Each structure stands twice: as C-alpha cells, then as structure tokens.
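Student: Handing over upload-v1.txt, compact mmCIF, C-alpha atoms.
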```
# COMPACT_ATOMS: atom_id res chain seq x y z
CA MET A 1 -14.74 -128.86 57.28
CA ALA A 2 -12.21 -131.09 59.05
CA MET A 3 -8.62 -131.16 57.89
CA ILE A 4 -7.88 -133.71 55.16
CA ARG A 5 -5.07 -136.09 56.16
CA VAL A 6 -3.16 -137.25 53.09
CA GLY A 7 -0.79 -140.21 53.30
CA THR A 8 2.50 -140.25 51.42
CA ARG A 9 5.83 -141.99 51.25
CA GLY A 10 8.69 -139.86 52.48
CA SER A 11 10.79 -139.64 49.30
CA ALA A 12 11.24 -136.27 47.61
CA LEU A 13 9.24 -137.43 44.59
CA ALA A 14 6.40 -138.84 46.69
CA MET A 15 6.24 -135.70 48.81
CA THR A 16 6.18 -133.48 45.71
CA GLN A 17 3.44 -135.54 44.05
CA THR A 18 1.34 -135.76 47.20
CA THR A 19 1.65 -132.06 47.96
CA THR A 20 0.41 -131.20 44.46
CA VAL A 21 -2.60 -133.49 44.91
CA ALA A 22 -3.32 -132.37 48.47
CA GLU A 23 -3.25 -128.70 47.52
CA ARG A 24 -5.67 -129.23 44.65
CA VAL A 25 -8.10 -131.46 46.58
CA SER A 26 -8.13 -129.13 49.58
CA GLU A 27 -8.74 -126.17 47.26
CA LEU A 28 -11.66 -127.95 45.57
CA ALA A 29 -13.06 -129.08 48.93
CA GLY A 30 -12.57 -125.73 50.67
CA SER A 31 -10.56 -127.38 53.43
CA SER A 32 -7.05 -127.50 54.84
CA TYR A 33 -4.77 -130.53 54.67
CA GLU A 34 -1.85 -132.18 56.40
CA LEU A 35 0.61 -134.72 55.03
CA VAL A 36 1.10 -137.97 56.94
CA ARG A 37 4.39 -139.72 56.13
CA VAL A 38 4.19 -143.50 55.99
CA ARG A 39 7.24 -145.73 55.64
CA THR A 40 6.67 -148.67 53.29
CA GLU A 41 8.50 -151.97 52.85
CA GLY A 42 9.86 -150.70 49.57
CA ASP A 43 11.60 -147.88 51.46
CA ILE A 44 13.17 -150.30 53.94
CA LEU A 45 14.07 -153.45 52.00
CA LYS A 46 17.09 -153.62 49.71
CA GLY A 47 17.55 -155.62 46.54
CA SER A 48 15.79 -155.56 43.18
CA LEU A 49 12.03 -155.04 42.97
CA SER A 50 11.50 -158.61 41.79
CA GLN A 51 13.38 -159.90 44.84
CA ILE A 52 11.45 -157.85 47.41
CA GLY A 53 8.01 -158.48 45.96
CA GLY A 54 7.47 -156.05 43.09
CA THR A 55 6.37 -152.44 43.26
CA GLY A 56 3.33 -153.36 45.39
CA VAL A 57 5.68 -153.13 48.37
CA PHE A 58 5.47 -149.34 48.03
CA VAL A 59 1.71 -149.17 48.66
CA ALA A 60 0.70 -151.75 51.30
CA ALA A 61 1.59 -149.61 54.31
CA LEU A 62 -0.13 -146.57 52.81
CA ARG A 63 -3.28 -148.59 52.20
CA ASP A 64 -3.20 -149.86 55.78
CA ALA A 65 -2.92 -146.28 57.05
CA VAL A 66 -6.08 -145.33 55.15
CA LEU A 67 -8.00 -148.44 56.21
CA GLU A 68 -7.02 -147.90 59.84
CA GLY A 69 -8.17 -144.25 59.75
CA ARG A 70 -4.72 -142.69 60.19
CA CYS A 71 -5.16 -141.00 56.79
CA ASP A 72 -8.20 -139.97 54.78
CA LEU A 73 -6.49 -140.28 51.40
CA ALA A 74 -3.33 -141.85 50.01
CA VAL A 75 -1.50 -140.74 46.87
CA HIS A 76 0.32 -143.35 44.79
CA SER A 77 2.23 -143.46 41.54
CA LEU A 78 -0.37 -145.44 39.61
CA LYS A 79 2.20 -147.79 38.10
CA ASP A 80 3.01 -148.92 41.68
CA LEU A 81 -0.54 -150.07 42.43
CA PRO A 82 -1.30 -153.79 42.17
CA THR A 83 -3.96 -154.41 39.53
CA LEU A 84 -6.34 -156.08 41.99
CA PRO A 85 -8.33 -153.57 44.08
CA ALA A 86 -7.86 -153.51 47.84
CA ASP A 87 -10.87 -154.50 49.95
CA GLY A 88 -12.47 -151.43 51.51
CA LEU A 89 -10.60 -148.93 49.30
CA THR A 90 -11.40 -147.20 46.04
CA VAL A 91 -9.36 -145.13 43.59
CA ALA A 92 -11.46 -141.98 43.89
CA ALA A 93 -9.44 -139.82 41.49
CA VAL A 94 -6.92 -140.21 38.70
CA PRO A 95 -5.63 -136.69 37.91
CA GLY A 96 -4.48 -135.66 34.45
CA ARG A 97 -1.39 -137.53 33.38
CA GLU A 98 2.16 -136.21 33.12
CA ASP A 99 4.61 -137.24 30.38
CA VAL A 100 4.30 -141.00 29.85
CA ARG A 101 7.76 -141.51 28.38
CA ASP A 102 10.94 -142.96 29.81
CA ALA A 103 13.94 -140.66 29.84
CA LEU A 104 17.63 -141.33 29.35
CA CYS A 105 19.93 -139.28 31.56
CA ALA A 106 23.43 -139.84 30.23
CA ARG A 107 26.91 -138.35 30.47
CA ASP A 108 28.05 -135.82 27.90
CA GLY A 109 24.61 -135.43 26.32
CA LEU A 110 24.60 -138.97 24.94
CA THR A 111 21.45 -140.57 23.50
CA LEU A 112 20.52 -144.23 23.01
CA ALA A 113 21.89 -144.05 19.49
CA THR A 114 25.18 -142.42 20.47
CA LEU A 115 26.00 -144.44 23.61
CA PRO A 116 29.15 -146.41 22.76
CA ASP A 117 29.13 -150.21 22.80
CA GLY A 118 30.02 -151.36 26.29
CA ALA A 119 28.34 -148.35 27.92
CA ARG A 120 26.83 -149.10 31.35
CA VAL A 121 23.21 -147.97 31.76
CA GLY A 122 21.32 -148.36 35.03
CA THR A 123 17.65 -149.17 35.66
CA GLY A 124 15.69 -151.00 38.32
CA SER A 125 12.94 -152.02 35.89
CA PRO A 126 12.94 -155.37 34.04
CA ARG A 127 10.68 -153.72 31.42
CA ARG A 128 13.19 -150.95 30.74
CA ALA A 129 16.12 -153.36 30.89
CA ALA A 130 14.59 -155.70 28.30
CA GLN A 131 13.73 -152.89 25.88
CA LEU A 132 17.17 -151.31 26.37
CA ARG A 133 18.81 -154.62 25.46
CA ALA A 134 16.57 -154.93 22.41
CA ALA A 135 17.30 -151.39 21.21
CA ARG A 136 21.03 -151.46 21.99
CA PRO A 137 22.37 -155.02 22.32
CA GLY A 138 25.92 -153.72 22.75
CA ILE A 139 25.37 -151.90 26.05
CA GLU A 140 25.54 -153.33 29.57
CA VAL A 141 22.38 -152.92 31.66
CA VAL A 142 23.05 -152.52 35.40
CA ASP A 143 20.37 -153.16 38.04
CA ILE A 144 20.07 -150.17 40.40
CA ARG A 145 17.84 -148.99 43.26
CA GLY A 146 17.42 -145.69 45.07
CA ASN A 147 15.58 -142.40 44.74
CA VAL A 148 15.86 -140.12 41.73
CA ASP A 149 18.84 -138.13 43.00
CA THR A 150 20.69 -141.28 44.04
CA ARG A 151 20.23 -142.73 40.57
CA LEU A 152 21.27 -139.52 38.84
CA GLY A 153 24.38 -139.52 41.03
CA ARG A 154 25.41 -142.80 39.44
CA VAL A 155 25.90 -141.05 36.07
CA ALA A 156 29.40 -139.75 35.40
CA GLY A 157 29.55 -135.98 35.66
CA LEU A 158 25.89 -135.35 36.50
CA VAL A 159 26.17 -134.78 40.26
CA SER A 160 29.30 -133.34 41.85
CA GLY A 161 30.84 -135.67 44.44
CA ALA A 162 28.59 -138.60 43.46
CA PRO A 163 29.97 -142.02 42.37
CA GLY A 164 29.48 -141.47 38.63
CA ASP A 165 30.13 -145.14 37.82
CA LEU A 166 27.57 -145.38 35.00
CA ASP A 167 27.26 -143.86 31.54
CA GLY A 168 23.53 -143.29 31.95
CA VAL A 169 20.32 -144.20 33.75
CA VAL A 170 16.74 -144.53 32.54
CA LEU A 171 13.99 -142.95 34.67
CA ALA A 172 10.37 -141.93 34.20
CA ALA A 173 10.17 -138.49 32.59
CA ALA A 174 7.17 -137.68 34.81
CA GLY A 175 9.16 -138.00 38.02
CA LEU A 176 12.03 -135.92 36.66
CA ARG A 177 9.62 -133.19 35.59
CA ARG A 178 7.78 -133.17 38.91
CA LEU A 179 11.10 -132.77 40.73
CA GLY A 180 12.37 -130.08 38.37
CA ARG A 181 15.20 -132.32 37.12
CA GLU A 182 14.46 -131.95 33.40
CA GLU A 183 17.98 -130.62 32.76
CA ALA A 184 19.33 -134.12 33.42
CA ILE A 185 17.37 -135.59 30.49
CA THR A 186 19.46 -136.20 27.39
CA GLU A 187 16.73 -138.06 25.49
CA LEU A 188 13.01 -138.60 25.88
CA ILE A 189 12.71 -142.14 24.58
CA ASP A 190 10.05 -142.61 21.91
CA PRO A 191 7.38 -145.14 23.00
CA ALA A 192 8.02 -146.85 19.66
CA VAL A 193 11.40 -147.82 21.15
CA MET A 194 10.46 -148.19 24.81
CA LEU A 195 6.80 -148.63 25.72
CA PRO A 196 6.14 -147.30 29.24
CA ALA A 197 4.78 -149.20 32.21
CA PRO A 198 0.99 -149.41 32.52
CA GLY A 199 -0.12 -146.27 34.35
CA GLN A 200 3.26 -144.52 34.03
CA GLY A 201 3.02 -140.76 34.51
CA ALA A 202 -0.34 -141.00 36.30
CA LEU A 203 -1.24 -140.72 39.98
CA ALA A 204 -3.97 -142.47 41.96
CA VAL A 205 -5.82 -141.06 44.96
CA GLU A 206 -7.25 -143.80 47.17
CA CYS A 207 -9.76 -143.44 50.00
CA ARG A 208 -12.03 -145.69 52.04
CA GLU A 209 -15.10 -146.82 50.16
CA GLY A 210 -18.04 -144.53 50.93
CA GLU A 211 -16.31 -142.75 53.82
CA ALA A 212 -14.93 -139.55 52.31
CA ALA A 213 -16.60 -136.42 53.71
CA PRO A 214 -19.22 -134.97 51.33
CA GLY A 215 -17.07 -132.02 50.24
CA VAL A 216 -14.09 -134.28 49.69
CA ARG A 217 -16.12 -136.72 47.60
CA GLU A 218 -17.18 -133.95 45.22
CA ALA A 219 -13.63 -132.59 45.13
CA LEU A 220 -12.21 -135.96 44.16
CA ALA A 221 -14.91 -136.51 41.53
CA SER A 222 -14.12 -133.17 39.88
CA TYR A 223 -10.37 -133.81 40.12
CA ASP A 224 -10.70 -137.10 38.24
CA HIS A 225 -9.54 -136.83 34.61
CA ALA A 226 -11.71 -139.09 32.44
CA PRO A 227 -9.31 -139.52 29.47
CA THR A 228 -6.47 -140.52 31.81
CA ARG A 229 -8.69 -142.93 33.76
CA LEU A 230 -9.82 -144.62 30.53
CA ALA A 231 -6.25 -144.99 29.30
CA VAL A 232 -4.79 -146.38 32.50
CA THR A 233 -7.76 -148.71 32.99
CA ALA A 234 -7.04 -150.32 29.61
CA GLU A 235 -3.29 -150.50 30.30
CA ARG A 236 -3.69 -152.06 33.74
CA ALA A 237 -6.26 -154.54 32.40
CA VAL A 238 -3.52 -155.97 30.19
CA LEU A 239 -1.38 -156.67 33.28
CA ARG A 240 -4.29 -158.10 35.20
CA ARG A 241 -5.33 -160.50 32.43
CA LEU A 242 -1.73 -161.63 31.96
CA GLU A 243 -1.57 -162.24 35.73
CA ALA A 244 1.70 -160.36 35.70
CA GLY A 245 3.19 -158.29 38.48
CA CYS A 246 4.11 -154.63 38.19
CA SER A 247 7.77 -155.60 37.76
CA ALA A 248 7.18 -157.93 34.78
CA PRO A 249 8.81 -156.96 31.44
CA ILE A 250 5.53 -155.61 30.05
CA GLY A 251 4.71 -152.17 28.67
CA ALA A 252 1.35 -150.73 27.70
CA LEU A 253 0.13 -147.36 26.50
CA ALA A 254 -3.37 -146.21 25.59
CA HIS A 255 -4.65 -142.91 24.25
CA LEU A 256 -7.89 -141.47 22.93
CA ARG A 257 -8.07 -141.11 19.17
CA GLY A 258 -11.36 -139.38 18.46
CA ASP A 259 -14.09 -141.64 19.85
CA GLU A 260 -11.73 -144.61 19.94
CA LEU A 261 -9.35 -145.78 22.64
CA ALA A 262 -6.15 -147.12 21.05
CA LEU A 263 -4.04 -149.51 23.11
CA GLU A 264 -0.57 -150.89 22.44
CA ALA A 265 1.23 -153.45 24.59
CA VAL A 266 4.58 -155.20 24.55
CA VAL A 267 5.84 -158.36 26.23
CA CYS A 268 9.60 -158.90 26.33
CA SER A 269 12.00 -161.65 27.27
CA LEU A 270 14.33 -160.47 30.02
CA ASP A 271 17.32 -160.60 27.68
CA GLY A 272 15.54 -158.40 25.11
CA ARG A 273 15.95 -160.96 22.34
CA SER A 274 12.23 -161.73 21.99
CA ILE A 275 9.64 -158.98 21.82
CA LEU A 276 5.93 -159.32 21.10
CA ARG A 277 4.11 -156.05 20.41
CA LEU A 278 0.44 -155.73 19.46
CA THR A 279 -2.16 -152.97 19.13
CA ARG A 280 -5.94 -152.91 19.34
CA SER A 281 -8.62 -150.21 19.54
CA ALA A 282 -12.27 -150.03 20.58
CA PRO A 283 -14.95 -147.39 21.16
CA ALA A 284 -14.10 -145.30 24.24
CA ALA A 285 -17.49 -145.85 25.89
CA ASP A 286 -16.60 -146.10 29.60
CA VAL A 287 -14.14 -147.70 32.02
CA ASP A 288 -15.77 -151.13 31.56
CA ALA A 289 -15.17 -150.91 27.82
CA ALA A 290 -11.58 -149.80 28.49
CA ALA A 291 -11.01 -152.81 30.73
CA GLN A 292 -12.50 -155.12 28.10
CA LEU A 293 -10.11 -153.66 25.52
CA GLY A 294 -7.16 -154.42 27.78
CA HIS A 295 -8.36 -157.96 28.40
CA ALA A 296 -8.87 -158.58 24.68
CA LEU A 297 -5.37 -157.37 23.81
CA ALA A 298 -3.89 -159.50 26.59
CA ASP A 299 -5.71 -162.54 25.20
CA GLU A 300 -4.15 -161.80 21.79
CA LEU A 301 -0.71 -161.57 23.41
CA LEU A 302 -1.22 -164.91 25.16
CA ALA A 303 -2.41 -166.53 21.94
CA ALA A 304 0.73 -165.23 20.23
CA GLY A 305 3.02 -166.81 22.84
CA ALA A 306 3.47 -164.14 25.55
CA ALA A 307 3.71 -166.73 28.32
CA VAL A 308 6.62 -168.42 26.52
CA ILE A 309 8.49 -165.13 26.00
CA ALA A 310 8.24 -163.59 29.47
CA PRO A 311 7.88 -164.59 33.14
CA LEU A 312 4.26 -163.57 33.70
CA THR A 313 3.32 -165.06 37.08
CA SER A 314 3.18 -162.31 39.69
```
For the structure just supplied, provide its representation as structure tokens.
Tutor:
Amino acid sequence: MAMIRVGTRGSALAMTQTTTVAERVSELAGSSYELVRVRTEGDILKGSLSQIGGTGVFVAALRDAVLEGRCDLAVHSLKDLPTLPADGLTVAAVPGREDVRDALCARDGLTLATLPDGARVGTGSPRRAAQLRAARPGIEVVDIRGNVDTRLGRVAGLVSGAPGDLDGVVLAAAGLRRLGREEAITELIDPAVMLPAPGQGALAVECREGEAAPGVREALASYDHAPTRLAVTAERAVLRRLEAGCSAPIGALAHLRGDELALEAVVCSLDGRSILRLTRSAPAADVDAAAQLGHALADELLAAGAAVIAPLTS
C-alpha cells in the first residue's frame, strides 16, 4: 500500500497530535506514513484570534493541501474546525477524546480561588476570558498569543529565562497532557466553573470525500470513536445554530449518560457580567439526533436572550 501523507501544522502540539494519529492509522491500515508540514495563516498573522479571523485560520491551508492532493489526510484540533463542512472533504475519524477541561497554570501553585485580587492571567480565548472574569471579577485578564511553551513562559517562575510577566495562564488540559506538560498545571478547572469550547480535547481527521485508499478507509472507520463523535456533534451544532464563530464566548460540553446524550452550553458577555447556561438531553440515537439536540439547545439559548448577551455573528 502507498505511503499515507498526513498534513499538519508545524507547532510542537500539532506535530505531537498528528504523529499519534498517523502512527495509529498507518498501523490499522498496514502502511507507512510521512508528515507534511503546512504553514497556516494562524501561524503567520499576529493579533488576537478575533482580529485575524477566528480559529478557522488554522485549518484553511491544511484543507487546501488535502484538496490539492499534497496530503491524503489532515489532522486538526476539532475546536479549530469551522462548523460548516468544507466542499470535497469529510471528517473521516474522530478519535477518542482527551481531557476536556481547561487548566490553570499559575505561579507558586496558585488556583483560581487563591489568586490574589489584581493577579494577571493570560488567555487568547474570549470564552475563557469571560468565564474567568465571571469566576474571579478581581483579576486582570490579559490577551495573549503563542504556542504552549511561549504561553507558559509568561508565567512567573515557570520557565527559566522567560519573561514571567503574568501570574497565570489558562490552556487546554488536553494540549498540556499531549505535550507532557502536566507538571505546569496548578488546577484543572471544573466545567461547572469554566465550560470548555465545543470539541475541546478532540481531534478530527479529514480526507477527500470518497478518495481514501480502501485500507485507509477501513482504518479511519475503525479509529473513529462513536461516543466522542456524538458528543462533539452536539456541541458543534450549538455553535452552528447560533451562527457563532469558534472564537465567540460560548462553551458547550456533551456526554453520554446511559442511553441519553446530555448537553450543556453557556453564552457569556465578554466582560463576564452576564452568563446564560442551559442543559438539555435526548436519546443518543445517532449523529443526526446529536445535531438536533445541539440545535434545540441553541434555540433555547436564543429564546432566553443569547444574542443580546454575546456577539454571535461569526
């Protein structure tokens, strides 16, 4: 079987995630693989995610590489994928999910509760920023960009020789775990306090519709994790119905509870002063039912005033 070419961004986290996926898919397919590095707009442009076009800027170039035949597969952090599918591409596998939670990495072992008033905490996510402000109105939230190690270097005392100009940063626990940076975590933030981004902790493997080699198709099908796909389908359906971009101050988390899929979502004002949080469940029949659950919860959020609370237009 021909070598499988797997597209990836060049960051340490992207390379780690893609290598894990490529190794498993090639093992299942009985083939070898090579990684193809693709530079995306998100890797080039500076400024906040909302200024440069949201997290979709991290995937467009990868999708083009697959569509143009330079790669057979592309691996994305699922929370970076726009909710609308790309013409000619399909998400062929959603592997089992990592930790969904956000993580605080702070100086001196501090937690959200023990950070002093006036503490400076960095994040590049409007969702995290809003929920941080709601949980701890007395802290200062600082907008930051950069890879995981760059962000950790902003925390006083965490990285030798780094700026250390912040008291803490909030990052996805999944990325820290995949990079082996768990020791930097001082608190795994309970979703009751900070609901994660739709799809957080999950990966997506995209390929051209109907063009994967037979062995690769079967490998991707067996690699797909049904409970994770159901959960992220419901979460992302909330975003899609709200017509909100990936950088909107919206969190969503779904999980299987017996034969039911339970979904919770939050919409926040950017200043954290207004928060609307609702839950809904439905039989976990299939991905269509999961999407319908997400749409129904989004409709409830809109009826309760979500569009007044948060900037929802993507």
Student: Mind pulling up the distance from CA of Thr20 in chain A to CA of Ala290 in chain A?
Tutor: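 That distance, rounded to one decimal, is 27.3 Å.
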Student: Within 12 Å of (10.5, -127.9, 45.1), in the coordinates the file gives, what residues turn up when you count only C-alpha atoms, written out as a JSON list (two decimals) with C-alpha atoms, in the frame of the given file?
Tutor:
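Heads up, here's the output in selection_11.json:
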```
[["chain", "number", "residue", "atom", "x", "y", "z"],
["A", 12, "ALA", "CA", 11.24, -136.27, 47.61],
["A", 13, "LEU", "CA", 9.24, -137.43, 44.59],
["A", 14, "ALA", "CA", 6.40, -138.84, 46.69],
["A", 15, "MET", "CA", 6.24, -135.70, 48.81],
["A", 16, "THR", "CA", 6.18, -133.48, 45.71],
["A", 17, "GLN", "CA", 3.44, -135.54, 44.05],
["A", 19, "THR", "CA", 1.65, -132.06, 47.96],
["A", 20, "THR", "CA", 0.41, -131.20, 44.46],
["A", 176, "LEU", "CA", 12.03, -135.92, 36.66],
["A", 177, "ARG", "CA", 9.62, -133.19, 35.59],
["A", 178, "ARG", "CA", 7.78, -133.17, 38.91],
["A", 179, "LEU", "CA", 11.10, -132.77, 40.73],
["A", 180, "GLY", "CA", 12.37, -130.08, 38.37],
["A", 181, "ARG", "CA", 15.20, -132.32, 37.12]]
```
Student: Using Å and a single decimal, report how far CA of Arg154 in chain A sits from CA of Ala310 in chain A.
Tutor: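 About the pair CA of Ala310 in chain A and CA of Arg154 in chain A: they are 28.7 Å apart.
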Student: Write out as a PyMOL selection string each polymer residue whose atoms come within 12 Å of Arg277 in chain A, counting only C-alpha atoms; drop sequence neighbours fewer than 5 positions from it.
Tutor: chain A and resi 131+191-195+250-253+263-269+297-298+300-302+304-306+309
Student: Find, counting all atoms listed in the file, the residue in A:Ala184, A:Gly215, A:Ala74, A:Gly88 that gets nearest to Val159 in chain A.
Tutor: A:Ala184
Student: Can you tell me, as a PyMOL selection string, what residues are no more than 12 Å from range 222-224 of chain A when counting all atoms listed in the file, ignoring any on the same chain fewer than 3 positions away?
Tutor: chain A and resi 20-29+91-97+202-206+215-219+227-230
Student: Please provide the set of residues having any atom within 8 Å of Ala254 in chain A, restricted to all atoms listed in the file, with same-chain residues fewer than 6 positions apart removed, written as a PDB file with C-alpha atoms, in the frame of the given file.
Tutor:
```pdb
ATOM      1  CA  ALA A 231      -6.250-144.990  29.300  1.00  0.00           C
ATOM      2  CA  VAL A 232      -4.790-146.380  32.500  1.00  0.00           C
ATOM      3  CA  ALA A 234      -7.040-150.320  29.610  1.00  0.00           C
ATOM      4  CA  GLU A 235      -3.290-150.500  30.300  1.00  0.00           C
ATOM      5  CA  LEU A 261      -9.350-145.780  22.640  1.00  0.00           C
ATOM      6  CA  ALA A 262      -6.150-147.120  21.050  1.00  0.00           C
ATOM      7  CA  LEU A 263      -4.040-149.510  23.110  1.00  0.00           C
ATOM      8  CA  GLU A 264      -0.570-150.890  22.440  1.00  0.00           C
TER       9      GLU A 264
END
```
Student: With distances taken over all atoms listed in the file, which of A:Gly294, A:Pro283, A:Pro116, A:Gly201 is nearest to Arg257 in chain A?
Tutor: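 Once distances to Arg257 in chain A are computed over all atoms listed in the file, the minimum belongs to A:Pro283.
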Student: Near Glu243 in chain A, within 12 Å and counting only C-alpha atoms, which residues show up once chain neighbours fewer than 3 positions away are dropped, as an mmCIF file with C-alpha atoms, in the frame of the given file?
Tutor:
```
data_model
loop_
_atom_site.group_PDB
_atom_site.id
_atom_site.type_symbol
_atom_site.label_atom_id
_atom_site.label_comp_id
_atom_site.auth_asym_id
_atom_site.auth_seq_id
_atom_site.Cartn_x
_atom_site.Cartn_y
_atom_site.Cartn_z
ATOM 1 C CA PRO A 82 -1.300 -153.790 42.170
ATOM 2 C CA THR A 83 -3.960 -154.410 39.530
ATOM 3 C CA LEU A 84 -6.340 -156.080 41.990
ATOM 4 C CA ARG A 236 -3.690 -152.060 33.740
ATOM 5 C CA ALA A 237 -6.260 -154.540 32.400
ATOM 6 C CA VAL A 238 -3.520 -155.970 30.190
ATOM 7 C CA LEU A 239 -1.380 -156.670 33.280
ATOM 8 C CA ARG A 240 -4.290 -158.100 35.200
ATOM 9 C CA CYS A 246 4.110 -154.630 38.190
ATOM 10 C CA SER A 247 7.770 -155.600 37.760
ATOM 11 C CA ALA A 248 7.180 -157.930 34.780
ATOM 12 C CA ILE A 250 5.530 -155.610 30.050
ATOM 13 C CA HIS A 295 -8.360 -157.960 28.400
ATOM 14 C CA ALA A 298 -3.890 -159.500 26.590
ATOM 15 C CA ASP A 299 -5.710 -162.540 25.200
ATOM 16 C CA LEU A 302 -1.220 -164.910 25.160
ATOM 17 C CA ALA A 306 3.470 -164.140 25.550
ATOM 18 C CA ALA A 307 3.710 -166.730 28.320
ATOM 19 C CA ALA A 310 8.240 -163.590 29.470
ATOM 20 C CA PRO A 311 7.880 -164.590 33.140
ATOM 21 C CA LEU A 312 4.260 -163.570 33.700
ATOM 22 C CA THR A 313 3.320 -165.060 37.080
ATOM 23 C CA SER A 314 3.180 -162.310 39.690
#
```
Student: What is the distance, in Å and to one decimal place, between CA of Gly161 in chain A and CA of Asp143 in chain A?
Tutor: 21.4 Å
Student: Could you list, as number ranges by chain, every residue within 8 Å of Ala119 in chain A, counting only C-alpha atoms and ignoring same-chain residues fewer than 3 positions away?
Tutor: A: 115-116, 138-140, 166-167
Student: From the options A:Leu293, A:Arg273, A:Cys105, A:Lys79, which residue's atoms come nearest to Arg136 in chain A, counting all atoms listed in the file?
Tutor: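 Ranking A:Leu293, A:Arg273, A:Cys105, A:Lys79 by distance to Arg136 in chain A, first place goes to A:Arg273.
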Student: How big is the axis-aligned box around the listed atoms of range 224-228 of chain A once 3 Å is added on each side, and where is its centre? Give both in Å to one decimal, as AutoDock Vina command-line options.
Tutor:
```
--center_x -9.1 --center_y -138.7 --center_z 33.9 --size_x 11.2 --size_y 9.7 --size_z 14.8
```
Student: Out of A:Leu89, A:Ala282, A:Leu78, A:Leu35, which residue has the shortest atom-to-atom distance to Gly210 in chain A when counting all atoms listed in the file?
Tutor: A:Leu89
Student: Find, counting all atoms listed in the file, the residue in A:Ile189, A:Val100, A:Pro198, A:Ser77 that gets nearest to Ala244 in chain A.
Tutor: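 Of A:Ile189, A:Val100, A:Pro198, A:Ser77, the one nearest Ala244 in chain A, counting all atoms listed in the file, is A:Pro198.
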